[in-house]
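Visitor: Just so it is clear, I am handing over start-v8.txt, which has compact mmCIF, C-alpha atoms and all ligand atoms.
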# COMPACT_ATOMS: atom_id res chain seq x y z
CA MET A 1 -39.01 48.10 -89.62
CA GLN A 2 -40.71 45.20 -87.89
CA ILE A 3 -40.57 43.41 -84.57
CA ASP A 4 -39.51 39.84 -85.29
CA LEU A 5 -39.73 37.55 -82.27
CA ASN A 6 -40.75 34.42 -84.11
CA GLY A 7 -39.31 31.23 -82.57
CA LYS A 8 -37.90 32.89 -79.46
CA VAL A 9 -38.58 31.27 -76.08
CA ALA A 10 -39.77 33.40 -73.14
CA ILE A 11 -40.68 32.90 -69.51
CA VAL A 12 -43.17 35.41 -68.09
CA THR A 13 -43.70 35.33 -64.32
CA GLY A 14 -46.98 36.32 -62.67
CA ALA A 15 -48.67 35.85 -66.03
CA GLY A 16 -51.90 34.30 -64.77
CA ARG A 17 -53.69 37.64 -64.86
CA GLY A 18 -53.28 41.38 -65.36
CA ILE A 19 -50.31 42.89 -67.17
CA GLY A 20 -48.35 39.60 -67.14
CA ARG A 21 -51.17 37.75 -68.89
CA GLU A 22 -51.30 40.44 -71.56
CA ILE A 23 -47.50 40.29 -71.99
CA ALA A 24 -47.67 36.51 -72.39
CA LEU A 25 -50.50 36.68 -74.95
CA THR A 26 -48.82 39.49 -76.89
CA LEU A 27 -45.45 37.69 -77.04
CA ALA A 28 -47.20 34.47 -78.09
CA SER A 29 -49.14 36.33 -80.80
CA GLU A 30 -45.73 37.37 -82.19
CA GLY A 31 -44.67 33.72 -82.49
CA VAL A 32 -42.81 33.47 -79.17
CA VAL A 33 -42.96 30.10 -77.41
CA THR A 34 -44.25 31.50 -74.15
CA VAL A 35 -43.88 29.83 -70.77
CA VAL A 36 -46.40 31.22 -68.32
CA THR A 37 -45.69 30.93 -64.62
CA ASP A 38 -47.78 32.00 -61.64
CA VAL A 39 -48.84 30.89 -58.16
CA ASN A 40 -52.53 30.88 -59.04
CA GLU A 41 -53.48 27.51 -60.55
CA ALA A 42 -56.98 28.53 -61.69
CA ASN A 43 -55.54 31.43 -63.68
CA LEU A 44 -52.85 29.16 -65.15
CA GLU A 45 -55.56 26.77 -66.32
CA ALA A 46 -57.50 29.68 -67.87
CA ILE A 47 -54.50 30.97 -69.83
CA LYS A 48 -53.66 27.41 -70.92
CA ASN A 49 -57.15 27.19 -72.44
CA GLU A 50 -56.70 30.59 -74.07
CA PHE A 51 -53.37 29.50 -75.62
CA GLU A 52 -55.05 26.35 -76.96
CA ARG A 53 -57.99 28.33 -78.35
CA LEU A 54 -55.67 30.78 -80.12
CA GLY A 55 -53.21 28.11 -81.29
CA TYR A 56 -50.30 29.72 -79.43
CA GLN A 57 -47.17 27.76 -78.46
CA GLY A 58 -45.99 27.45 -74.89
CA SER A 59 -46.56 25.85 -71.52
CA GLN A 60 -47.63 26.71 -68.00
CA TYR A 61 -45.98 26.05 -64.66
CA ARG A 62 -47.04 26.75 -61.11
CA CYS A 63 -44.02 28.58 -59.70
CA ASP A 64 -43.66 30.89 -56.72
CA VAL A 65 -40.83 33.35 -57.39
CA ARG A 66 -39.88 33.01 -53.71
CA ASP A 67 -39.02 29.33 -54.20
CA PHE A 68 -35.55 29.05 -55.78
CA HIS A 69 -35.67 25.25 -55.94
CA ARG A 70 -38.91 25.34 -57.96
CA ILE A 71 -37.56 28.13 -60.20
CA GLN A 72 -34.55 25.96 -61.07
CA GLU A 73 -36.84 23.02 -61.90
CA VAL A 74 -38.89 25.20 -64.25
CA VAL A 75 -35.87 26.73 -66.00
CA GLU A 76 -34.35 23.25 -66.47
CA ALA A 77 -37.62 21.93 -67.89
CA VAL A 78 -37.91 24.87 -70.30
CA VAL A 79 -34.36 24.43 -71.60
CA GLN A 80 -34.84 20.68 -71.94
CA THR A 81 -38.13 21.08 -73.79
CA TYR A 82 -37.30 23.97 -76.10
CA GLY A 83 -33.48 23.92 -76.24
CA HIS A 84 -33.00 27.61 -75.45
CA LEU A 85 -34.35 30.48 -73.39
CA ASP A 86 -34.19 33.93 -74.95
CA ILE A 87 -36.39 36.18 -72.84
CA LEU A 88 -37.21 36.42 -69.14
CA VAL A 89 -39.96 38.81 -68.06
CA ASN A 90 -39.96 39.28 -64.28
CA ASN A 91 -43.49 40.58 -63.99
CA ALA A 92 -44.77 38.86 -60.81
CA GLY A 93 -45.53 41.36 -58.12
CA VAL A 94 -47.67 42.37 -55.17
CA ALA A 95 -48.57 45.77 -53.82
CA GLY A 96 -49.29 46.23 -50.18
CA GLY A 97 -48.63 49.00 -47.82
CA GLY A 98 -49.63 51.68 -45.42
CA PRO A 99 -47.73 54.46 -43.68
CA VAL A 100 -44.43 53.38 -42.18
CA SER A 101 -45.60 54.11 -38.59
CA SER A 102 -48.16 51.31 -38.82
CA LEU A 103 -46.62 49.13 -41.53
CA GLN A 104 -46.53 45.47 -40.52
CA GLU A 105 -43.20 43.70 -40.88
CA GLU A 106 -44.92 40.88 -42.82
CA VAL A 107 -46.22 43.35 -45.40
CA TRP A 108 -42.77 44.88 -45.82
CA ASP A 109 -41.25 41.40 -46.20
CA LEU A 110 -43.90 40.25 -48.69
CA ASN A 111 -43.25 43.22 -51.00
CA LEU A 112 -39.49 42.81 -50.82
CA ASP A 113 -39.57 38.99 -51.10
CA ILE A 114 -41.80 38.81 -54.17
CA ASN A 115 -40.99 42.01 -56.05
CA LEU A 116 -37.25 42.29 -55.43
CA LYS A 117 -35.90 38.96 -54.19
CA GLY A 118 -38.17 37.08 -56.62
CA THR A 119 -36.64 39.06 -59.49
CA PHE A 120 -33.14 38.29 -58.23
CA GLN A 121 -33.89 34.57 -57.91
CA MET A 122 -35.35 34.28 -61.41
CA CYS A 123 -32.35 36.10 -62.87
CA LYS A 124 -29.91 33.93 -60.94
CA ALA A 125 -31.52 30.79 -62.39
CA VAL A 126 -31.47 31.92 -66.04
CA ILE A 127 -28.05 33.59 -66.11
CA PRO A 128 -26.06 30.36 -66.70
CA VAL A 129 -28.35 29.47 -69.62
CA MET A 130 -28.13 32.91 -71.22
CA LYS A 131 -24.37 33.10 -70.69
CA ARG A 132 -23.97 29.74 -72.45
CA GLN A 133 -26.03 31.07 -75.36
CA LYS A 134 -24.16 34.38 -75.34
CA SER A 135 -27.51 36.11 -75.69
CA GLY A 136 -30.60 36.94 -73.68
CA ARG A 137 -33.12 39.56 -72.70
CA ILE A 138 -34.12 40.16 -69.10
CA ILE A 139 -37.03 42.55 -68.63
CA ASN A 140 -38.13 43.47 -65.10
CA ALA A 141 -41.29 45.10 -63.78
CA ALA A 142 -40.43 48.27 -61.92
CA SER A 143 -43.06 50.96 -61.36
CA PHE A 144 -43.67 54.67 -61.56
CA ALA A 145 -43.78 54.31 -57.75
CA ALA A 146 -40.00 53.79 -57.87
CA ILE A 147 -39.65 57.41 -58.98
CA VAL A 148 -42.59 59.37 -57.57
CA PRO A 149 -43.38 59.01 -53.85
CA SER A 150 -46.97 58.47 -52.81
CA TYR A 151 -48.39 58.27 -49.31
CA GLY A 152 -48.32 54.80 -47.76
CA SER A 153 -46.30 53.17 -50.54
CA ALA A 154 -42.95 52.77 -48.73
CA ALA A 155 -42.81 48.96 -48.93
CA TYR A 156 -43.92 48.70 -52.55
CA ALA A 157 -41.97 51.73 -53.76
CA SER A 158 -38.78 50.57 -52.04
CA SER A 159 -39.06 47.15 -53.65
CA LYS A 160 -39.55 48.71 -57.09
CA ALA A 161 -36.71 51.21 -56.61
CA GLY A 162 -34.64 48.15 -55.73
CA VAL A 163 -35.68 46.45 -58.98
CA SER A 164 -34.67 49.54 -60.91
CA GLN A 165 -31.14 49.68 -59.44
CA PHE A 166 -30.77 45.89 -59.53
CA THR A 167 -31.50 46.14 -63.28
CA ARG A 168 -28.70 48.67 -63.82
CA VAL A 169 -26.16 46.66 -61.84
CA LEU A 170 -27.07 43.37 -63.52
CA ALA A 171 -26.89 44.97 -66.98
CA GLY A 172 -23.28 45.90 -66.24
CA GLU A 173 -22.49 42.33 -65.14
CA LEU A 174 -24.11 40.65 -68.17
CA GLY A 175 -23.18 43.04 -70.99
CA PRO A 176 -20.10 41.03 -72.03
CA TRP A 177 -22.37 38.03 -72.76
CA ASN A 178 -24.69 40.03 -75.02
CA ILE A 179 -27.46 39.87 -72.42
CA THR A 180 -29.49 43.05 -71.99
CA VAL A 181 -31.34 43.88 -68.77
CA ASN A 182 -34.00 46.58 -68.67
CA CYS A 183 -37.13 47.41 -66.76
CA TYR A 184 -40.51 48.87 -67.54
CA ALA A 185 -42.19 51.32 -65.19
CA PRO A 186 -45.97 51.33 -65.62
CA GLY A 187 -47.96 54.24 -64.27
CA MET A 188 -51.65 53.70 -63.63
CA ILE A 189 -52.86 50.61 -65.43
CA PRO A 190 -56.27 49.39 -64.22
CA THR A 191 -55.85 45.79 -63.06
CA GLU A 192 -57.03 43.70 -60.13
CA MET A 193 -53.94 44.90 -58.27
CA ASN A 194 -55.16 48.48 -57.97
CA HIS A 195 -58.77 48.84 -59.21
CA PHE A 196 -58.05 52.42 -60.35
CA ALA A 197 -61.05 52.54 -62.66
CA GLU A 198 -63.41 51.42 -59.87
CA ARG A 199 -62.45 54.10 -57.36
CA PRO A 200 -64.81 57.00 -56.47
CA GLU A 201 -65.20 59.46 -59.34
CA LYS A 202 -63.57 62.33 -57.43
CA GLU A 203 -60.47 60.24 -56.70
CA GLN A 204 -60.29 59.07 -60.32
CA GLU A 205 -60.44 62.68 -61.53
CA ARG A 206 -57.69 63.69 -59.12
CA LEU A 207 -55.48 60.80 -60.26
CA LEU A 208 -56.15 61.37 -63.96
CA ASP A 209 -55.27 65.05 -63.54
CA THR A 210 -51.75 63.99 -62.54
CA LEU A 211 -51.24 62.25 -65.91
CA THR A 212 -50.00 64.19 -68.92
CA LEU A 213 -52.21 62.16 -71.27
CA ARG A 214 -55.22 62.36 -68.88
CA ARG A 215 -56.19 58.70 -69.28
CA TRP A 216 -55.41 55.30 -67.77
CA GLY A 217 -52.86 53.17 -69.56
CA SER A 218 -53.78 49.77 -70.92
CA LYS A 219 -52.18 46.41 -70.28
CA ARG A 220 -51.51 46.16 -74.02
CA GLU A 221 -49.50 49.40 -73.92
CA VAL A 222 -47.18 47.84 -71.32
CA ALA A 223 -46.99 44.59 -73.31
CA ASN A 224 -46.01 46.54 -76.44
CA LEU A 225 -43.02 48.03 -74.60
CA VAL A 226 -41.97 44.59 -73.37
CA CYS A 227 -42.14 43.21 -76.94
CA PHE A 228 -39.98 46.10 -78.13
CA LEU A 229 -37.40 45.50 -75.38
CA ALA A 230 -37.36 41.78 -76.23
CA SER A 231 -36.82 42.44 -79.92
CA ASP A 232 -33.74 43.13 -82.04
CA LEU A 233 -34.89 46.74 -82.36
CA ALA A 234 -33.76 47.20 -78.74
CA GLU A 235 -30.43 45.37 -78.98
CA TYR A 236 -28.40 48.48 -77.99
CA ILE A 237 -30.60 49.34 -75.00
CA THR A 238 -29.55 48.02 -71.60
CA GLY A 239 -29.52 49.01 -67.95
CA THR A 240 -32.41 51.38 -68.32
CA MET A 241 -35.90 51.90 -66.92
CA ILE A 242 -38.54 53.01 -69.41
CA ASP A 243 -41.72 54.70 -68.23
CA VAL A 244 -45.02 53.61 -69.67
CA SER A 245 -47.04 55.99 -67.58
CA GLY A 246 -48.82 58.48 -69.82
CA GLY A 247 -46.35 61.14 -68.68
P1 LIG A 301 -51.81 41.68 -60.70
O1 LIG A 301 -51.96 41.61 -59.23
O2 LIG A 301 -53.03 41.77 -61.54
O3 LIG A 301 -50.94 40.42 -61.21
C1 LIG A 301 -49.82 39.98 -60.51
C2 LIG A 301 -49.61 38.50 -60.80
O4 LIG A 301 -48.46 38.07 -60.07
C3 LIG A 301 -50.79 37.63 -60.37
O5 LIG A 301 -51.13 36.73 -61.40
C4 LIG A 301 -50.25 36.90 -59.14
O6 LIG A 301 -50.82 35.61 -58.95
C5 LIG A 301 -48.77 36.81 -59.48
N1 LIG A 301 -47.94 36.59 -58.28
C6 LIG A 301 -48.08 37.19 -57.07
N2 LIG A 301 -47.19 36.68 -56.20
C7 LIG A 301 -46.46 35.76 -56.88
C8 LIG A 301 -45.39 34.90 -56.54
N3 LIG A 301 -44.90 34.88 -55.29
N4 LIG A 301 -44.85 34.10 -57.49
C9 LIG A 301 -45.36 34.11 -58.74
N5 LIG A 301 -46.39 34.88 -59.13
C10 LIG A 301 -46.93 35.70 -58.21
O7 LIG A 301 -50.84 42.90 -60.96
P2 LIG A 301 -50.57 43.79 -62.28
O8 LIG A 301 -51.24 45.10 -62.08
O9 LIG A 301 -50.84 43.00 -63.49
O10 LIG A 301 -49.00 44.05 -62.12
C11 LIG A 301 -48.00 43.32 -62.81
C12 LIG A 301 -46.64 43.91 -62.50
O11 LIG A 301 -46.62 45.29 -62.90
C13 LIG A 301 -46.32 43.91 -61.00
O12 LIG A 301 -44.94 43.67 -60.80
C14 LIG A 301 -46.68 45.32 -60.57
O13 LIG A 301 -45.98 45.72 -59.41
C15 LIG A 301 -46.27 46.11 -61.79
N6 LIG A 301 -46.96 47.41 -61.89
C16 LIG A 301 -48.31 47.49 -62.06
C17 LIG A 301 -48.93 48.74 -62.14
C18 LIG A 301 -50.40 48.91 -62.37
O14 LIG A 301 -50.86 50.06 -62.42
N7 LIG A 301 -51.17 47.87 -62.53
C19 LIG A 301 -48.15 49.90 -62.02
C20 LIG A 301 -46.78 49.76 -61.84
C21 LIG A 301 -46.19 48.52 -61.77
Show me this structure written as structure tokens.

Guide:
Amino acid sequence: MQIDLNGKVAIVTGAGRGIGREIALTLASEGVVTVVTDVNEANLEAIKNEFERLGYQGSQYRCDVRDFHRIQEVVEAVVQTYGHLDILVNNAGVAGGGPVSSLQEEVWDLNLDINLKGTFQMCKAVIPVMKRQKSGRIINAASFAAIVPSYGSAAYASSKAGVSQFTRVLAGELGPWNITVNCYAPGMIPTEMNHFAERPEKEQERLLDTLTLRRWGSKREVANLVCFLASDLAEYITGTMIDVSGG
């Protein structure tokens, strides 16, 4: 049994760094023509160089998931260039917060606009393409925070719980077109978003104690799940959220 993604075309949002970058590189290493999008131009340039160095196929676009007009331009360009679009990974995200009593409206809006509305807008733009093809894979970034409450995470956790339910509803709408919609829920993956591994030792110990496997997850472990969900091995899986959290 093997994952065969060769020749598929994918868009990965927020892929300039962190988990998204690893997803993009892992898909590309499996022969996927991988379109990397992000708001950070320096990181886009860096991953472009990495693709060239490794001989991977794909392209890079600056695209803010809050900008529906730009999203449509990118999706149109991808379909024109490659002829099809098989996989959309809605990975772009931000995490900001604080207790509700002092939470700024702008912080609430930023979390909801990028994490939840951004996911909706990307999906809306690719649905006509995938319906025409009668196939597609949509894979959204939820979070363990969507399930387990933690102090001060109301804005982020609400956005990710929204992504999780949005995924279920959309799966029901797109099933008749052979389009699956799932989400991955990472636990604690050290990235620039959270700096888990750089926190004081005592705090690290306390956090690690909450994990069944007693270790941080890696970006590659999340990317592996995304590759599985994008592959034919997962063709009968839809409308679900899969934890990649070390238990
Ligand atoms: P990260 O901050 O390292 O990377 C996020 C990327 O998204 C960055 O490249 C950033 O430029 C991009 N981005 C931000 N706003 C954007 C916008 N408006 N439009 C397009 N791109 C934008 O974060 P990460 O840790 O790699 O997280 C990736 C995803 O996984 C996020 O959705 C995050 O919520 C989720 N997640 C991460 C963890 C974790 O432990 N790291 C846990 C659970 C869920």

Visitor: Taking only C-alpha atoms and all ligand atoms into account, report as number ranges by chain which residues have an atom no farther than 6 Å from an atom of ligand LIG 301 (chain A).

Guide: A: 13-20, 38-40, 63-66, 91-94, 114, 141-144, 185-193

Visitor: Which of these residues is nearest to A:Leu170, using all atoms listed in the file: A:Lys219, A:Lys124, A:Arg21, A:Arg214?

Guide: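 Among the listed residues, the smallest separation from A:Leu170 belongs to A:Lys124.
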
Visitor: Fewer than 6 positions away in the same chain doesn't count, so skip those; otherwise give me all residues within 8 Å of A:Trp108, counting all atoms listed in the file, as number ranges by chain.

Guide: A: 96-97, 155-156

Visitor: For atom CA of A:Pro176 and atom CA of A:Val126, quote the distance in Å rounded to one decimal.

Guide: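 Taking atom CA of A:Pro176 as the start and atom CA of A:Val126 as the end point, the length is 15.8 Å.
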
Visitor: Between A:Asn115, A:Ile23, A:Val169, A:Leu103, which is the closest to A:Ala146 once you count all atoms listed in the file?

Guide: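 For A:Ala146, the nearest of the given residues is A:Asn115.
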
Visitor: Provide the atom CA of A:Gly162 to atom CA of A:Asp232 distance in Å, to one decimal place.

Guide: 26.8 Å

Visitor: A:Val74: which residues within 10 Å, counting only C-alpha atoms, same-chain residues fewer than 2 positions away excluded, as a VMD selection string?

Guide: chain A and resid 11 35 37 60 to 63 68 to 72 76 to 80 125

Visitor: May I have the residues from that selection written out with C-alpha atoms, as an mmCIF file, in the frame of the given file?

Guide:
data_model
loop_
_atom_site.group_PDB
_atom_site.id
_atom_site.type_symbol
_atom_site.label_atom_id
_atom_site.label_comp_id
_atom_site.auth_asym_id
_atom_site.auth_seq_id
_atom_site.Cartn_x
_atom_site.Cartn_y
_atom_site.Cartn_z
ATOM 1 C CA ILE A 11 -40.680 32.900 -69.510
ATOM 2 C CA VAL A 35 -43.880 29.830 -70.770
ATOM 3 C CA THR A 37 -45.690 30.930 -64.620
ATOM 4 C CA GLN A 60 -47.630 26.710 -68.000
ATOM 5 C CA TYR A 61 -45.980 26.050 -64.660
ATOM 6 C CA ARG A 62 -47.040 26.750 -61.110
ATOM 7 C CA CYS A 63 -44.020 28.580 -59.700
ATOM 8 C CA PHE A 68 -35.550 29.050 -55.780
ATOM 9 C CA HIS A 69 -35.670 25.250 -55.940
ATOM 10 C CA ARG A 70 -38.910 25.340 -57.960
ATOM 11 C CA ILE A 71 -37.560 28.130 -60.200
ATOM 12 C CA GLN A 72 -34.550 25.960 -61.070
ATOM 13 C CA GLU A 76 -34.350 23.250 -66.470
ATOM 14 C CA ALA A 77 -37.620 21.930 -67.890
ATOM 15 C CA VAL A 78 -37.910 24.870 -70.300
ATOM 16 C CA VAL A 79 -34.360 24.430 -71.600
ATOM 17 C CA GLN A 80 -34.840 20.680 -71.940
ATOM 18 C CA ALA A 125 -31.520 30.790 -62.390
#

Visitor: Which one is closest to A:Gly136: A:Ser153, A:Thr212, A:Ser102, A:Thr238? Count only C-alpha atoms.

Guide: A:Thr238

Visitor: Ranking A:Cys227, A:Arg215, A:Gly175, A:Asn90 by minimum distance to A:Ser29 and counting all atoms listed in the file, which one comes first?

Guide: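 For A:Ser29, the nearest of the candidates is A:Cys227.
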
Visitor: Compare A:Leu229, A:Ser101, A:Ile47, A:Ser245 by their minimum atom-to-atom distance to A:Ile87, counting all atoms listed in the file, and give me the closest one.

Guide: A:Leu229

Visitor: To one decimal place in Å, what is the distance between atom CA of A:Glu22 and atom CA of A:Glu221?

Guide: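 Atom-to-atom, atom CA of A:Glu22 to atom CA of A:Glu221, that is 9.4 Å.
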
Visitor: Output requested as a PDB file, in the coordinates of the input - stretch 24-55 of chain A, filled out with N, CA and C atoms.

Guide:
ATOM      1  N   ALA A  24     -47.805  37.882 -71.883  1.00  0.00           N
ATOM      2  CA  ALA A  24     -47.670  36.510 -72.390  1.00  0.00           C
ATOM      3  C   ALA A  24     -48.448  36.340 -73.690  1.00  0.00           C
ATOM      4  N   LEU A  25     -49.681  36.840 -73.733  1.00  0.00           N
ATOM      5  CA  LEU A  25     -50.500  36.680 -74.950  1.00  0.00           C
ATOM      6  C   LEU A  25     -49.927  37.476 -76.109  1.00  0.00           C
ATOM      7  N   THR A  26     -49.371  38.651 -75.810  1.00  0.00           N
ATOM      8  CA  THR A  26     -48.820  39.490 -76.890  1.00  0.00           C
ATOM      9  C   THR A  26     -47.548  38.845 -77.450  1.00  0.00           C
ATOM     10  N   LEU A  27     -46.665  38.370 -76.568  1.00  0.00           N
ATOM     11  CA  LEU A  27     -45.450  37.690 -77.040  1.00  0.00           C
ATOM     12  C   LEU A  27     -45.851  36.468 -77.882  1.00  0.00           C
ATOM     13  N   ALA A  28     -46.795  35.687 -77.369  1.00  0.00           N
ATOM     14  CA  ALA A  28     -47.200  34.470 -78.090  1.00  0.00           C
ATOM     15  C   ALA A  28     -47.810  34.815 -79.441  1.00  0.00           C
ATOM     16  N   SER A  29     -48.523  35.930 -79.514  1.00  0.00           N
ATOM     17  CA  SER A  29     -49.140  36.330 -80.800  1.00  0.00           C
ATOM     18  C   SER A  29     -48.052  36.719 -81.808  1.00  0.00           C
ATOM     19  N   GLU A  30     -46.856  37.034 -81.297  1.00  0.00           N
ATOM     20  CA  GLU A  30     -45.730  37.370 -82.190  1.00  0.00           C
ATOM     21  C   GLU A  30     -44.884  36.134 -82.514  1.00  0.00           C
ATOM     22  N   GLY A  31     -45.389  34.956 -82.148  1.00  0.00           N
ATOM     23  CA  GLY A  31     -44.670  33.720 -82.490  1.00  0.00           C
ATOM     24  C   GLY A  31     -43.672  33.270 -81.447  1.00  0.00           C
ATOM     25  N   VAL A  32     -43.717  33.878 -80.256  1.00  0.00           N
ATOM     26  CA  VAL A  32     -42.810  33.470 -79.170  1.00  0.00           C
ATOM     27  C   VAL A  32     -43.389  32.235 -78.463  1.00  0.00           C
ATOM     28  N   VAL A  33     -42.558  31.237 -78.236  1.00  0.00           N
ATOM     29  CA  VAL A  33     -42.960  30.100 -77.410  1.00  0.00           C
ATOM     30  C   VAL A  33     -42.958  30.620 -75.980  1.00  0.00           C
ATOM     31  N   THR A  34     -44.138  30.730 -75.395  1.00  0.00           N
ATOM     32  CA  THR A  34     -44.250  31.500 -74.150  1.00  0.00           C
ATOM     33  C   THR A  34     -44.578  30.603 -72.955  1.00  0.00           C
ATOM     34  N   VAL A  35     -43.690  30.613 -71.983  1.00  0.00           N
ATOM     35  CA  VAL A  35     -43.880  29.830 -70.770  1.00  0.00           C
ATOM     36  C   VAL A  35     -44.467  30.746 -69.709  1.00  0.00           C
ATOM     37  N   VAL A  36     -45.678  30.395 -69.289  1.00  0.00           N
ATOM     38  CA  VAL A  36     -46.400  31.220 -68.320  1.00  0.00           C
ATOM     39  C   VAL A  36     -46.204  30.623 -66.940  1.00  0.00           C
ATOM     40  N   THR A  37     -45.779  31.437 -65.990  1.00  0.00           N
ATOM     41  CA  THR A  37     -45.690  30.930 -64.620  1.00  0.00           C
ATOM     42  C   THR A  37     -46.486  31.847 -63.688  1.00  0.00           C
ATOM     43  N   ASP A  38     -46.996  31.236 -62.626  1.00  0.00           N
ATOM     44  CA  ASP A  38     -47.780  32.000 -61.640  1.00  0.00           C
ATOM     45  C   ASP A  38     -47.984  31.105 -60.417  1.00  0.00           C
ATOM     46  N   VAL A  39     -48.491  31.695 -59.336  1.00  0.00           N
ATOM     47  CA  VAL A  39     -48.840  30.890 -58.160  1.00  0.00           C
ATOM     48  C   VAL A  39     -50.303  30.460 -58.196  1.00  0.00           C
ATOM     49  N   ASN A  40     -51.086  31.117 -59.036  1.00  0.00           N
ATOM     50  CA  ASN A  40     -52.530  30.880 -59.040  1.00  0.00           C
ATOM     51  C   ASN A  40     -52.895  29.820 -60.101  1.00  0.00           C
ATOM     52  N   GLU A  41     -53.261  28.630 -59.623  1.00  0.00           N
ATOM     53  CA  GLU A  41     -53.480  27.510 -60.550  1.00  0.00           C
ATOM     54  C   GLU A  41     -54.700  27.714 -61.432  1.00  0.00           C
ATOM     55  N   ALA A  42     -55.757  28.312 -60.881  1.00  0.00           N
ATOM     56  CA  ALA A  42     -56.980  28.530 -61.690  1.00  0.00           C
ATOM     57  C   ALA A  42     -56.660  29.459 -62.863  1.00  0.00           C
ATOM     58  N   ASN A  43     -55.884  30.498 -62.603  1.00  0.00           N
ATOM     59  CA  ASN A  43     -55.540  31.430 -63.680  1.00  0.00           C
ATOM     60  C   ASN A  43     -54.591  30.783 -64.699  1.00  0.00           C
ATOM     61  N   LEU A  44     -53.734  29.882 -64.219  1.00  0.00           N
ATOM     62  CA  LEU A  44     -52.850  29.160 -65.150  1.00  0.00           C
ATOM     63  C   LEU A  44     -53.672  28.282 -66.084  1.00  0.00           C
ATOM     64  N   GLU A  45     -54.683  27.635 -65.509  1.00  0.00           N
ATOM     65  CA  GLU A  45     -55.560  26.770 -66.320  1.00  0.00           C
ATOM     66  C   GLU A  45     -56.304  27.617 -67.362  1.00  0.00           C
ATOM     67  N   ALA A  46     -56.751  28.806 -66.939  1.00  0.00           N
ATOM     68  CA  ALA A  46     -57.500  29.680 -67.870  1.00  0.00           C
ATOM     69  C   ALA A  46     -56.601  30.132 -69.020  1.00  0.00           C
ATOM     70  N   ILE A  47     -55.367  30.487 -68.741  1.00  0.00           N
ATOM     71  CA  ILE A  47     -54.500  30.970 -69.830  1.00  0.00           C
ATOM     72  C   ILE A  47     -54.062  29.785 -70.711  1.00  0.00           C
ATOM     73  N   LYS A  48     -53.967  28.611 -70.121  1.00  0.00           N
ATOM     74  CA  LYS A  48     -53.660  27.410 -70.920  1.00  0.00           C
ATOM     75  C   LYS A  48     -54.766  27.218 -71.972  1.00  0.00           C
ATOM     76  N   ASN A  49     -56.014  27.339 -71.511  1.00  0.00           N
ATOM     77  CA  ASN A  49     -57.150  27.190 -72.440  1.00  0.00           C
ATOM     78  C   ASN A  49     -57.112  28.266 -73.514  1.00  0.00           C
ATOM     79  N   GLU A  50     -56.759  29.485 -73.110  1.00  0.00           N
ATOM     80  CA  GLU A  50     -56.700  30.590 -74.070  1.00  0.00           C
ATOM     81  C   GLU A  50     -55.603  30.342 -75.120  1.00  0.00           C
ATOM     82  N   PHE A  51     -54.448  29.839 -74.679  1.00  0.00           N
ATOM     83  CA  PHE A  51     -53.370  29.500 -75.620  1.00  0.00           C
ATOM     84  C   PHE A  51     -53.856  28.440 -76.615  1.00  0.00           C
ATOM     85  N   GLU A  52     -54.559  27.424 -76.081  1.00  0.00           N
ATOM     86  CA  GLU A  52     -55.050  26.350 -76.960  1.00  0.00           C
ATOM     87  C   GLU A  52     -56.049  26.905 -77.964  1.00  0.00           C
ATOM     88  N   ARG A  53     -56.952  27.760 -77.468  1.00  0.00           N
ATOM     89  CA  ARG A  53     -57.990  28.330 -78.350  1.00  0.00           C
ATOM     90  C   ARG A  53     -57.353  29.154 -79.470  1.00  0.00           C
ATOM     91  N   LEU A  54     -56.291  29.882 -79.141  1.00  0.00           N
ATOM     92  CA  LEU A  54     -55.670  30.780 -80.120  1.00  0.00           C
ATOM     93  C   LEU A  54     -54.562  30.086 -80.930  1.00  0.00           C
ATOM     94  N   GLY A  55     -54.255  28.850 -80.569  1.00  0.00           N
ATOM     95  CA  GLY A  55     -53.210  28.110 -81.290  1.00  0.00           C
ATOM     96  C   GLY A  55     -51.809  28.629 -80.997  1.00  0.00           C
TER      97      GLY A  55
END
